[in-house]
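Shown here: my_file-v1.tsv, TSV, C-alpha atoms.
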chain	number	residue	atom	x	y	z
A	1	MET	CA	-11.67	9.88	-11.55
A	2	TYR	CA	-9.87	8.09	-14.36
A	3	LYS	CA	-7.02	9.83	-16.14
A	4	GLU	CA	-4.49	8.66	-18.68
A	5	ILE	CA	-1.20	10.54	-18.96
A	6	ARG	CA	1.50	10.11	-21.59
A	7	LEU	CA	4.99	11.61	-21.20
A	8	SER	CA	6.98	11.62	-24.42
A	9	GLY	CA	10.30	12.89	-25.69
A	10	THR	CA	13.74	11.53	-26.43
A	11	GLY	CA	16.03	9.23	-24.46
A	12	GLY	CA	18.13	11.08	-21.91
A	13	GLN	CA	15.40	13.56	-20.96
A	14	GLY	CA	14.53	11.50	-17.91
A	15	LEU	CA	10.92	10.81	-18.85
A	16	ILE	CA	10.96	7.19	-17.68
A	17	LEU	CA	11.98	8.41	-14.24
A	18	ALA	CA	9.37	11.19	-14.48
A	19	GLY	CA	6.69	8.58	-15.20
A	20	LEU	CA	7.80	6.57	-12.19
A	21	ILE	CA	7.70	9.66	-9.97
A	22	LEU	CA	4.23	10.67	-11.23
A	23	ALA	CA	2.99	7.13	-10.57
A	24	GLU	CA	4.41	7.13	-7.06
A	25	ALA	CA	3.02	10.60	-6.30
A	26	ALA	CA	-0.46	9.39	-7.25
A	27	GLY	CA	-0.24	5.83	-5.96
A	28	VAL	CA	1.89	5.98	-2.85
A	29	TYR	CA	1.29	9.53	-1.61
A	30	ASP	CA	-2.15	10.53	-2.95
A	31	GLY	CA	-3.67	7.08	-2.50
A	32	TYR	CA	-5.01	6.42	-6.01
A	33	GLU	CA	-4.91	3.20	-7.95
A	34	VAL	CA	-2.12	3.59	-10.49
A	35	ILE	CA	-0.63	1.63	-13.34
A	36	GLN	CA	2.58	2.81	-14.94
A	37	THR	CA	3.95	1.38	-18.14
A	38	GLN	CA	7.02	1.70	-20.30
A	39	SER	CA	7.39	0.14	-23.69
A	40	TYR	CA	10.67	-0.54	-25.41
A	41	GLY	CA	10.76	-1.41	-29.05
A	42	PRO	CA	12.37	-0.20	-32.26
A	43	GLU	CA	11.08	3.24	-31.30
A	44	ALA	CA	13.05	3.35	-28.03
A	45	ARG	CA	16.21	2.27	-29.80
A	46	GLY	CA	15.69	5.14	-32.26
A	47	GLY	CA	15.95	7.55	-29.34
A	48	ALA	CA	12.25	8.09	-28.62
A	49	SER	CA	11.08	7.73	-25.05
A	50	ARG	CA	7.58	7.31	-23.67
A	51	ALA	CA	6.13	6.62	-20.24
A	52	GLU	CA	2.46	6.16	-19.49
A	53	VAL	CA	0.53	6.44	-16.27
A	54	ILE	CA	-3.10	5.67	-15.52
A	55	ILE	CA	-4.52	7.16	-12.32
A	56	SER	CA	-7.93	6.12	-11.02
A	57	ASP	CA	-9.96	5.93	-7.86
A	58	HIS	CA	-11.06	2.44	-8.87
A	59	VAL	CA	-9.12	-0.72	-9.67
A	60	ILE	CA	-7.76	-0.43	-13.22
A	61	ASP	CA	-8.71	-3.38	-15.43
A	62	TYR	CA	-6.93	-2.67	-18.66
A	63	PRO	CA	-3.44	-1.29	-18.13
A	64	LYS	CA	-3.04	0.33	-21.53
A	65	VAL	CA	-3.35	4.02	-22.33
A	66	THR	CA	-5.87	4.32	-25.16
A	67	SER	CA	-6.81	7.98	-25.28
A	68	PRO	CA	-4.76	10.19	-22.97
A	69	ASP	CA	-6.25	13.09	-21.02
A	70	ILE	CA	-2.84	14.70	-20.60
A	71	VAL	CA	0.12	14.52	-22.98
A	72	LEU	CA	3.57	15.97	-22.36
A	73	VAL	CA	5.75	16.35	-25.46
A	74	MET	CA	9.39	17.27	-25.08
A	75	SER	CA	10.72	16.69	-28.59
A	76	GLN	CA	9.56	17.45	-32.12
A	77	GLN	CA	9.47	13.74	-32.94
A	78	ALA	CA	7.30	13.05	-29.88
A	79	CYS	CA	5.08	15.99	-30.79
A	80	ASP	CA	4.59	14.75	-34.33
A	81	ARG	CA	3.78	11.29	-33.07
A	82	TYR	CA	1.72	11.93	-29.95
A	83	GLY	CA	0.75	15.61	-30.02
A	84	ARG	CA	-2.63	14.96	-31.63
A	85	GLN	CA	-3.50	11.82	-29.68
A	86	VAL	CA	-5.41	13.45	-26.86
A	87	LYS	CA	-8.96	13.13	-25.55
A	88	PRO	CA	-11.40	15.96	-26.41
A	89	GLY	CA	-11.14	18.40	-23.51
A	90	GLY	CA	-7.64	17.15	-22.71
A	91	ILE	CA	-4.37	19.04	-22.39
A	92	VAL	CA	-1.16	18.84	-24.42
A	93	LEU	CA	1.78	20.35	-22.56
A	94	VAL	CA	4.51	21.26	-25.05
A	95	ASP	CA	8.14	22.05	-24.21
A	96	ASP	CA	8.65	24.69	-26.88
A	97	THR	CA	12.40	24.82	-26.22
A	98	ASN	CA	12.53	21.57	-28.22
A	99	VAL	CA	9.36	21.73	-30.29
A	100	GLY	CA	9.08	24.27	-33.09
A	101	SER	CA	6.04	23.04	-34.95
A	102	ILE	CA	3.11	22.81	-32.57
A	103	PRO	CA	-0.22	21.21	-33.52
A	104	ALA	CA	-3.36	23.32	-33.68
A	105	LEU	CA	-6.02	21.34	-31.83
A	106	GLU	CA	-9.69	22.19	-31.82
A	107	GLU	CA	-10.99	20.03	-29.05
A	108	ALA	CA	-8.05	20.06	-26.63
A	109	SER	CA	-5.92	22.75	-24.99
A	110	VAL	CA	-2.31	23.23	-25.95
A	111	VAL	CA	-0.12	24.75	-23.25
A	112	THR	CA	3.36	25.72	-24.42
A	113	LEU	CA	6.10	26.39	-21.89
A	114	PRO	CA	9.87	26.64	-22.41
A	115	ILE	CA	10.49	23.77	-19.99
A	116	THR	CA	14.08	22.99	-20.95
A	117	ASP	CA	15.02	26.69	-21.05
A	118	ILE	CA	13.53	27.13	-17.59
A	119	ALA	CA	15.61	24.21	-16.32
A	120	ARG	CA	18.74	25.60	-17.95
A	121	HIS	CA	18.39	29.28	-17.00
A	122	ASP	CA	15.99	29.60	-14.04
A	123	VAL	CA	17.11	26.48	-12.20
A	124	GLY	CA	20.62	26.33	-13.63
A	125	ARG	CA	20.78	22.67	-14.76
A	126	GLN	CA	19.22	21.31	-17.96
A	127	VAL	CA	19.22	17.81	-16.46
A	128	VAL	CA	16.26	18.72	-14.21
A	129	ALA	CA	13.99	19.56	-17.17
A	130	ASN	CA	12.01	16.40	-16.35
A	131	VAL	CA	11.29	17.69	-12.84
A	132	VAL	CA	10.40	21.16	-14.16
A	133	ALA	CA	8.00	19.33	-16.49
A	134	LEU	CA	6.44	17.44	-13.56
A	135	GLY	CA	5.96	20.75	-11.75
A	136	ALA	CA	4.38	22.33	-14.82
A	137	LEU	CA	2.13	19.29	-15.23
A	138	VAL	CA	0.87	19.55	-11.66
A	139	GLY	CA	0.46	23.34	-11.91
A	140	ALA	CA	-1.42	23.19	-15.20
A	141	THR	CA	-3.60	20.13	-14.56
A	142	CYS	CA	-3.84	19.45	-10.77
A	143	ILE	CA	-3.51	15.75	-11.59
A	144	VAL	CA	-1.90	15.06	-8.19
A	145	THR	CA	-1.34	17.29	-5.16
A	146	PRO	CA	1.84	19.37	-5.10
A	147	GLU	CA	2.70	17.81	-1.72
A	148	ALA	CA	2.50	14.25	-3.08
A	149	MET	CA	4.57	15.18	-6.12
A	150	GLU	CA	7.27	16.85	-4.06
A	151	GLN	CA	7.51	13.82	-1.75
A	152	ALA	CA	7.70	11.45	-4.71
A	153	ILE	CA	10.41	13.55	-6.37
A	154	LEU	CA	12.53	13.70	-3.23
A	155	ALA	CA	12.21	9.93	-2.74
A	156	ARG	CA	13.59	9.16	-6.23
A	157	VAL	CA	16.24	11.76	-7.08
A	158	PRO	CA	19.92	11.05	-6.29
A	159	ARG	CA	21.01	11.94	-2.78
A	160	GLY	CA	22.60	15.38	-2.70
A	161	THR	CA	20.36	16.79	-5.44
A	162	GLU	CA	17.29	17.36	-3.28
A	163	GLU	CA	17.51	21.17	-3.17
A	164	LEU	CA	18.11	21.46	-6.90
A	165	ASN	CA	15.11	19.25	-7.61
A	166	LYS	CA	12.88	21.07	-5.10
A	167	LYS	CA	13.71	24.30	-6.90
A	168	ALA	CA	13.05	22.71	-10.30
A	169	PHE	CA	9.69	21.44	-9.09
A	170	SER	CA	8.59	24.74	-7.55
A	171	VAL	CA	9.62	26.81	-10.59
A	172	GLY	CA	7.79	24.35	-12.86
A	173	LEU	CA	4.72	24.38	-10.61
A	174	GLU	CA	4.52	28.17	-10.64
A	175	THR	CA	4.92	28.33	-14.42
A	176	GLY	CA	2.24	25.68	-14.89
A	177	ARG	CA	-0.17	27.52	-12.57
A	178	GLU	CA	0.36	30.78	-14.45
A	179	ALA	CA	-0.32	29.01	-17.74
A	180	ARG	CA	-3.55	27.56	-16.35
A	181	ALA	CA	-4.64	30.98	-15.11
A	182	ARG	CA	-4.01	32.47	-18.57
A	183	HIS	CA	-6.10	29.70	-20.13
A	184	GLU	CA	-8.96	30.14	-17.70
A	185	THR	CA	-9.25	33.93	-18.10
A	186	PRO	CA	-9.42	34.45	-21.85
B	1	MET	CA	10.21	-16.01	-27.32
B	2	TYR	CA	7.63	-14.63	-24.90
B	3	LYS	CA	8.47	-14.41	-21.21
B	4	GLU	CA	6.70	-12.83	-18.29
B	5	ILE	CA	8.77	-11.90	-15.22
B	6	ARG	CA	7.50	-10.70	-11.85
B	7	LEU	CA	9.80	-9.13	-9.26
B	8	SER	CA	8.25	-8.92	-5.79
B	9	GLY	CA	9.25	-7.91	-2.30
B	10	THR	CA	8.83	-4.94	0.00
B	11	GLY	CA	9.23	-1.22	-0.58
B	12	GLY	CA	12.80	-0.06	-0.20
B	13	GLN	CA	14.35	-3.16	-1.76
B	14	GLY	CA	14.72	-1.36	-5.08
B	15	LEU	CA	12.55	-3.72	-7.11
B	16	ILE	CA	10.87	-0.97	-9.13
B	17	LEU	CA	14.31	0.16	-10.27
B	18	ALA	CA	15.28	-3.48	-10.87
B	19	GLY	CA	12.23	-3.90	-13.12
B	20	LEU	CA	13.20	-0.80	-15.05
B	21	ILE	CA	16.77	-2.05	-15.48
B	22	LEU	CA	15.61	-5.51	-16.62
B	23	ALA	CA	13.26	-3.87	-19.13
B	24	GLU	CA	16.02	-1.65	-20.49
B	25	ALA	CA	18.48	-4.55	-20.69
B	26	ALA	CA	16.01	-6.50	-22.81
B	27	GLY	CA	14.49	-3.61	-24.77
B	28	VAL	CA	17.30	-1.15	-25.33
B	29	TYR	CA	20.39	-3.38	-25.29
B	30	ASP	CA	19.17	-6.85	-26.34
B	31	GLY	CA	16.65	-5.53	-28.87
B	32	TYR	CA	13.47	-7.28	-27.72
B	33	GLU	CA	10.00	-5.83	-27.52
B	34	VAL	CA	9.39	-5.08	-23.85
B	35	ILE	CA	6.58	-3.81	-21.68
B	36	GLN	CA	7.27	-2.95	-18.08
B	37	THR	CA	4.55	-2.24	-15.56
B	38	GLN	CA	4.22	-1.12	-11.99
B	39	SER	CA	0.99	-1.06	-10.07
B	40	TYR	CA	0.34	1.02	-7.01
B	41	GLY	CA	-2.67	0.36	-4.87
B	42	PRO	CA	-3.52	-0.48	-1.26
B	43	GLU	CA	-0.91	-3.22	-1.55
B	44	ALA	CA	1.93	-0.80	-2.33
B	45	ARG	CA	0.94	1.43	0.56
B	46	GLY	CA	1.11	-1.63	2.84
B	47	GLY	CA	4.81	-1.93	1.96
B	48	ALA	CA	4.57	-4.55	-0.78
B	49	SER	CA	6.36	-3.85	-4.04
B	50	ARG	CA	5.98	-5.48	-7.41
B	51	ALA	CA	7.37	-4.82	-10.87
B	52	GLU	CA	6.48	-6.78	-13.98
B	53	VAL	CA	8.26	-7.14	-17.29
B	54	ILE	CA	7.18	-8.87	-20.48
B	55	ILE	CA	9.92	-9.66	-22.99
B	56	SER	CA	9.07	-10.87	-26.48
B	57	ASP	CA	10.45	-11.04	-29.97
B	58	HIS	CA	7.07	-9.91	-31.29
B	59	VAL	CA	4.94	-6.85	-30.59
B	60	ILE	CA	3.17	-7.35	-27.26
B	61	ASP	CA	-0.60	-6.91	-27.48
B	62	TYR	CA	-1.75	-7.30	-23.93
B	63	PRO	CA	0.56	-5.59	-21.46
B	64	LYS	CA	-0.46	-7.55	-18.38
B	65	VAL	CA	1.43	-10.40	-16.76
B	66	THR	CA	-0.99	-13.30	-16.49
B	67	SER	CA	1.16	-16.33	-15.75
B	68	PRO	CA	4.81	-15.52	-15.11
B	69	ASP	CA	7.65	-17.70	-16.35
B	70	ILE	CA	10.04	-16.24	-13.78
B	71	VAL	CA	9.20	-14.95	-10.31
B	72	LEU	CA	11.60	-13.31	-7.90
B	73	VAL	CA	10.43	-13.15	-4.27
B	74	MET	CA	12.39	-11.11	-1.77
B	75	SER	CA	10.04	-11.07	1.23
B	76	GLN	CA	7.85	-13.61	3.02
B	77	GLN	CA	4.73	-11.59	2.19
B	78	ALA	CA	5.66	-11.55	-1.52
B	79	CYS	CA	6.44	-15.26	-1.38
B	80	ASP	CA	3.07	-16.07	0.20
B	81	ARG	CA	1.30	-13.98	-2.39
B	82	TYR	CA	3.23	-14.69	-5.59
B	83	GLY	CA	5.42	-17.74	-4.88
B	84	ARG	CA	2.91	-20.19	-6.33
B	85	GLN	CA	1.81	-18.08	-9.28
B	86	VAL	CA	4.25	-19.42	-11.84
B	87	LYS	CA	3.88	-21.17	-15.18
B	88	PRO	CA	4.51	-24.94	-15.25
B	89	GLY	CA	8.18	-25.30	-16.11
B	90	GLY	CA	8.88	-21.84	-14.73
B	91	ILE	CA	11.37	-20.70	-12.09
B	92	VAL	CA	10.82	-19.10	-8.70
B	93	LEU	CA	13.94	-17.40	-7.42
B	94	VAL	CA	13.71	-16.98	-3.64
B	95	ASP	CA	15.88	-14.71	-1.49
B	96	ASP	CA	16.05	-16.97	1.54
B	97	THR	CA	17.67	-14.26	3.64
B	98	ASN	CA	14.16	-12.82	3.90
B	99	VAL	CA	11.96	-15.82	3.18
B	100	GLY	CA	11.77	-18.62	5.74
B	101	SER	CA	8.78	-20.57	4.49
B	102	ILE	CA	9.34	-21.60	0.89
B	103	PRO	CA	6.64	-23.18	-1.28
B	104	ALA	CA	7.06	-26.73	-2.52
B	105	LEU	CA	6.18	-26.64	-6.21
B	106	GLU	CA	5.68	-29.70	-8.36
B	107	GLU	CA	5.66	-28.21	-11.82
B	108	ALA	CA	8.16	-25.36	-11.42
B	109	SER	CA	11.72	-25.06	-10.13
B	110	VAL	CA	12.46	-23.22	-6.91
B	111	VAL	CA	15.95	-21.74	-6.69
B	112	THR	CA	16.85	-20.39	-3.26
B	113	LEU	CA	19.79	-18.05	-2.84
B	114	PRO	CA	20.72	-15.80	0.10
B	115	ILE	CA	20.54	-12.69	-2.08
B	116	THR	CA	20.42	-10.07	0.67
B	117	ASP	CA	23.17	-11.84	2.67
B	118	ILE	CA	25.34	-11.91	-0.44
B	119	ALA	CA	24.80	-8.16	-0.91
B	120	ARG	CA	25.59	-7.52	2.74
B	121	HIS	CA	28.64	-9.77	3.19
B	122	ASP	CA	30.13	-10.56	-0.24
B	123	VAL	CA	29.54	-7.14	-1.80
B	124	GLY	CA	29.51	-5.15	1.43
B	125	ARG	CA	26.32	-3.11	0.99
B	126	GLN	CA	22.80	-4.43	1.57
B	127	VAL	CA	21.38	-1.68	-0.66
B	128	VAL	CA	22.65	-3.49	-3.79
B	129	ALA	CA	20.58	-6.62	-3.07
B	130	ASN	CA	18.39	-5.67	-6.05
B	131	VAL	CA	21.40	-5.74	-8.38
B	132	VAL	CA	22.64	-9.03	-6.88
B	133	ALA	CA	19.11	-10.33	-7.61
B	134	LEU	CA	19.34	-9.15	-11.23
B	135	GLY	CA	22.66	-10.95	-11.57
B	136	ALA	CA	21.24	-14.12	-10.05
B	137	LEU	CA	18.22	-13.86	-12.37
B	138	VAL	CA	20.42	-13.63	-15.45
B	139	GLY	CA	22.71	-16.41	-14.22
B	140	ALA	CA	19.87	-18.76	-13.37
B	141	THR	CA	17.57	-18.06	-16.34
B	142	CYS	CA	19.55	-16.46	-19.21
B	143	ILE	CA	16.56	-14.16	-19.77
B	144	VAL	CA	18.83	-11.42	-21.15
B	145	THR	CA	22.54	-11.39	-21.99
B	146	PRO	CA	24.93	-10.53	-19.16
B	147	GLU	CA	26.38	-7.76	-21.35
B	148	ALA	CA	22.98	-6.10	-21.85
B	149	MET	CA	22.20	-6.35	-18.16
B	150	GLU	CA	25.49	-4.84	-17.10
B	151	GLN	CA	25.04	-1.93	-19.53
B	152	ALA	CA	21.50	-1.33	-18.30
B	153	ILE	CA	22.62	-1.39	-14.65
B	154	LEU	CA	25.45	1.06	-15.25
B	155	ALA	CA	23.10	3.42	-17.10
B	156	ARG	CA	20.65	3.63	-14.17
B	157	VAL	CA	22.64	3.49	-10.93
B	158	PRO	CA	23.76	6.72	-9.23
B	159	ARG	CA	27.03	8.14	-10.48
B	160	GLY	CA	29.91	7.06	-8.25
B	161	THR	CA	28.38	3.65	-7.46
B	162	GLU	CA	29.31	1.96	-10.74
B	163	GLU	CA	32.05	-0.28	-9.32
B	164	LEU	CA	29.94	-1.38	-6.36
B	165	ASN	CA	27.07	-2.27	-8.70
B	166	LYS	CA	29.35	-4.06	-11.17
B	167	LYS	CA	30.59	-6.20	-8.31
B	168	ALA	CA	27.03	-6.84	-7.07
B	169	PHE	CA	26.00	-7.89	-10.57
B	170	SER	CA	28.97	-10.20	-11.14
B	171	VAL	CA	28.66	-11.90	-7.74
B	172	GLY	CA	24.91	-12.39	-8.34
B	173	LEU	CA	25.54	-13.70	-11.86
B	174	GLU	CA	28.06	-16.27	-10.63
B	175	THR	CA	25.75	-17.44	-7.84
B	176	GLY	CA	22.85	-17.75	-10.26
B	177	ARG	CA	24.96	-19.74	-12.74
B	178	GLU	CA	26.09	-22.13	-10.01
B	179	ALA	CA	22.49	-22.63	-8.92
B	180	ARG	CA	21.49	-23.41	-12.49
B	181	ALA	CA	24.34	-25.92	-12.83
B	182	ARG	CA	23.24	-27.65	-9.61
B	183	HIS	CA	19.70	-27.89	-10.96
B	184	GLU	CA	20.80	-29.27	-14.29
B	185	THR	CA	23.05	-32.00	-12.89
B	186	PRO	CA	20.82	-33.86	-10.44
Starting from the file, lay out its structure as structure tokens.
Amino acid sequence: MYKEIRLSGTGGQGLILAGLILAEAAGVYDGYEVIQTQSYGPEARGGASRAEVIISDHVIDYPKVTSPDIVLVMSQQACDRYGRQVKPGGIVLVDDTNVGSIPALEEASVVTLPITDIARHDVGRQVVANVVALGALVGATCIVTPEAMEQAILARVPRGTEELNKKAFSVGLETGREARARHETP
Amino acid sequence: MYKEIRLSGTGGQGLILAGLILAEAAGVYDGYEVIQTQSYGPEARGGASRAEVIISDHVIDYPKVTSPDIVLVMSQQACDRYGRQVKPGGIVLVDDTNVGSIPALEEASVVTLPITDIARHDVGRQVVANVVALGALVGATCIVTPEAMEQAILARVPRGTEELNKKAFSVGLETGREARARHETP
């Protein structure tokens, strides 16, 4: 198993923290080898945000994401930039609350979910959109176990927000699973 | 300018968060190109923790720390493993609250400071030892501006802990500056 994941959006959406949580779910709780990277450059100062995680069952030699298997895009800018950079057979998970123009891909699946709307209305706090996204990612791709992800989330979120984040994760997970089921039964 | 920094210790000392804050200080607030990496493997599950940051004024091609300029060690295990892996002319910053056996280096400086004791007694909360360490790092090495570091800290710490963390940073900064002055006036 060797998977590259890119989480992209704008600053303030909590994607750096989401990358950290995904890495810890895979590395600390599921026992994989994991490398997690953030880059800051002119791009980051322009409001874009990107976190990358590589998950493998072998030692990872080259810590750079070259052709992601899974891409999360949570802003139009991120979608325009990263939405087409996905491995054939890969998955692009699009938060269509923030992305209006969605790429048509021939060799990869596009899963659109209203992640930010779900956070706002079903969970009640927009700030947990990143955790809804992590749930959706796990539900749609099975990249880590739900148990590992929940543990990793609870270990990183601010004290006092555990219940809110558990709810965000479980709502996201369910939505992601439903989306996968729709994809698998055409 | 091209600097590699490694922060090492045990899980629970907050070094992953410290790496993230250092990266954001340099990348978002000081305007450098920055790559920040965490690795999780058998090592992490054994309680060791390591975060790496590369800061440059040019685009960074290879995102892996090969020979750090600055190493922070906050546990004996981390010191044994990483304390000697430093560039000639580099600096090893040792938290001697947790490290008893300190390497003698010929080509690099070793700065020992009781970082965890400072957090516990001068700031009043051991949990901010990571922020004291960031202050000491800035004071002893000038790797980023104090202003950028303080902004990055305040942007990442839990709401309600801003004053505590400001104090931790300023006490660490002062201690690091004093240590540098002692080194420079033999």
*asked:* Between CA of His183 in chain A and CA of Val94 in chain A, what is the distance in Å, rounded to a tenth?
replied: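 Computing it gives 14.4 Å between the two atoms.
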*List the neighbours of range 101-107 of chain B out to 9 Å using all atoms listed in the file; skip same-chain residues closer than 3 positions along the sequence, and give me the result as an NGL selection string.*
:B and (76 or 79-80 or 83-84 or 86-90 or 94 or 96 or 110 or 112)
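In this structure, CA of Thr145 in chain B sits 18.1 Å away from CA of Val71 in chain B.
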*Using all atoms listed in the file, pick whichever of B:Gln13, B:Ser8, B:Thr37, B:Gln126 has the shortest atom-to-atom distance to chain A.*
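Using all atoms listed in the file, the shortest distance to chain A belongs to B:Thr37.
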*From the list A:Ser39, A:Thr10, A:Asn130, A:Ser75, which residue is nearest chain B when using all atoms listed in the file?*
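Ranking A:Ser39, A:Thr10, A:Asn130, A:Ser75 by distance to chain B, first place goes to A:Ser39.
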_Check: which chain A residues lie within 6 Å of chain B using only C-alpha atoms, as a list of chain:residue names_ =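 Filtering chain A at 6 Å from chain B with only C-alpha atoms gives A:Gly27, A:Val28, A:Glu33, A:Val34, A:Ile35, A:Gln36, A:Thr37, A:Gln38, A:Ser39, A:Tyr40, A:Gly41, A:Arg45.
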*State, in Å with one decimal place, the distance from CA of Ser109 in chain A to CA of Gly124 in chain A.*
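Spanning CA of Ser109 in chain A to CA of Gly124 in chain A is a straight-line distance of 29.1 Å.
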Would you give the centre and edge lengths, in Å to one decimal, of a box along x, y and z around the listed atoms of range 91-104 of chain A, with 3 Å added to each side, as lines of an AutoDock Vina configuration file?
center_x = 4.1
center_y = 21.8
center_z = -28.7
size_x = 22.9
size_y = 12.0
size_z = 18.6
*Give as a list in words the set of residues within 9 Å of the point (5.9, 16.4, -14.2), where distances use the file's coordinates and all atoms listed in the file.*
Leu7, Leu15, Ala18, Gly19, Ile21, Leu22, Leu72, Asn130, Val131, Val132, Ala133, Leu134, Gly135, Ala136, Leu137, Val138, Met149, Phe169, Gly172 and Leu173 of chain A
*Residues at most 7 Å from Pro114 in chain B, counting all atoms listed in the file, excluding those fewer than 2 positions away in the same chain, as a PyMOL selection string?*
chain B and resi 95-97+112+116-118
Store the residues picked out above, limited to C-alpha atoms, as a PDB file, keeping the file's coordinate frame.
ATOM      1  CA  ASP B  95      15.880 -14.710  -1.490  1.00  0.00           C
ATOM      2  CA  ASP B  96      16.050 -16.970   1.540  1.00  0.00           C
ATOM      3  CA  THR B  97      17.670 -14.260   3.640  1.00  0.00           C
ATOM      4  CA  THR B 112      16.850 -20.390  -3.260  1.00  0.00           C
ATOM      5  CA  THR B 116      20.420 -10.070   0.670  1.00  0.00           C
ATOM      6  CA  ASP B 117      23.170 -11.840   2.670  1.00  0.00           C
ATOM      7  CA  ILE B 118      25.340 -11.910  -0.440  1.00  0.00           C
TER       8      ILE B 118
END
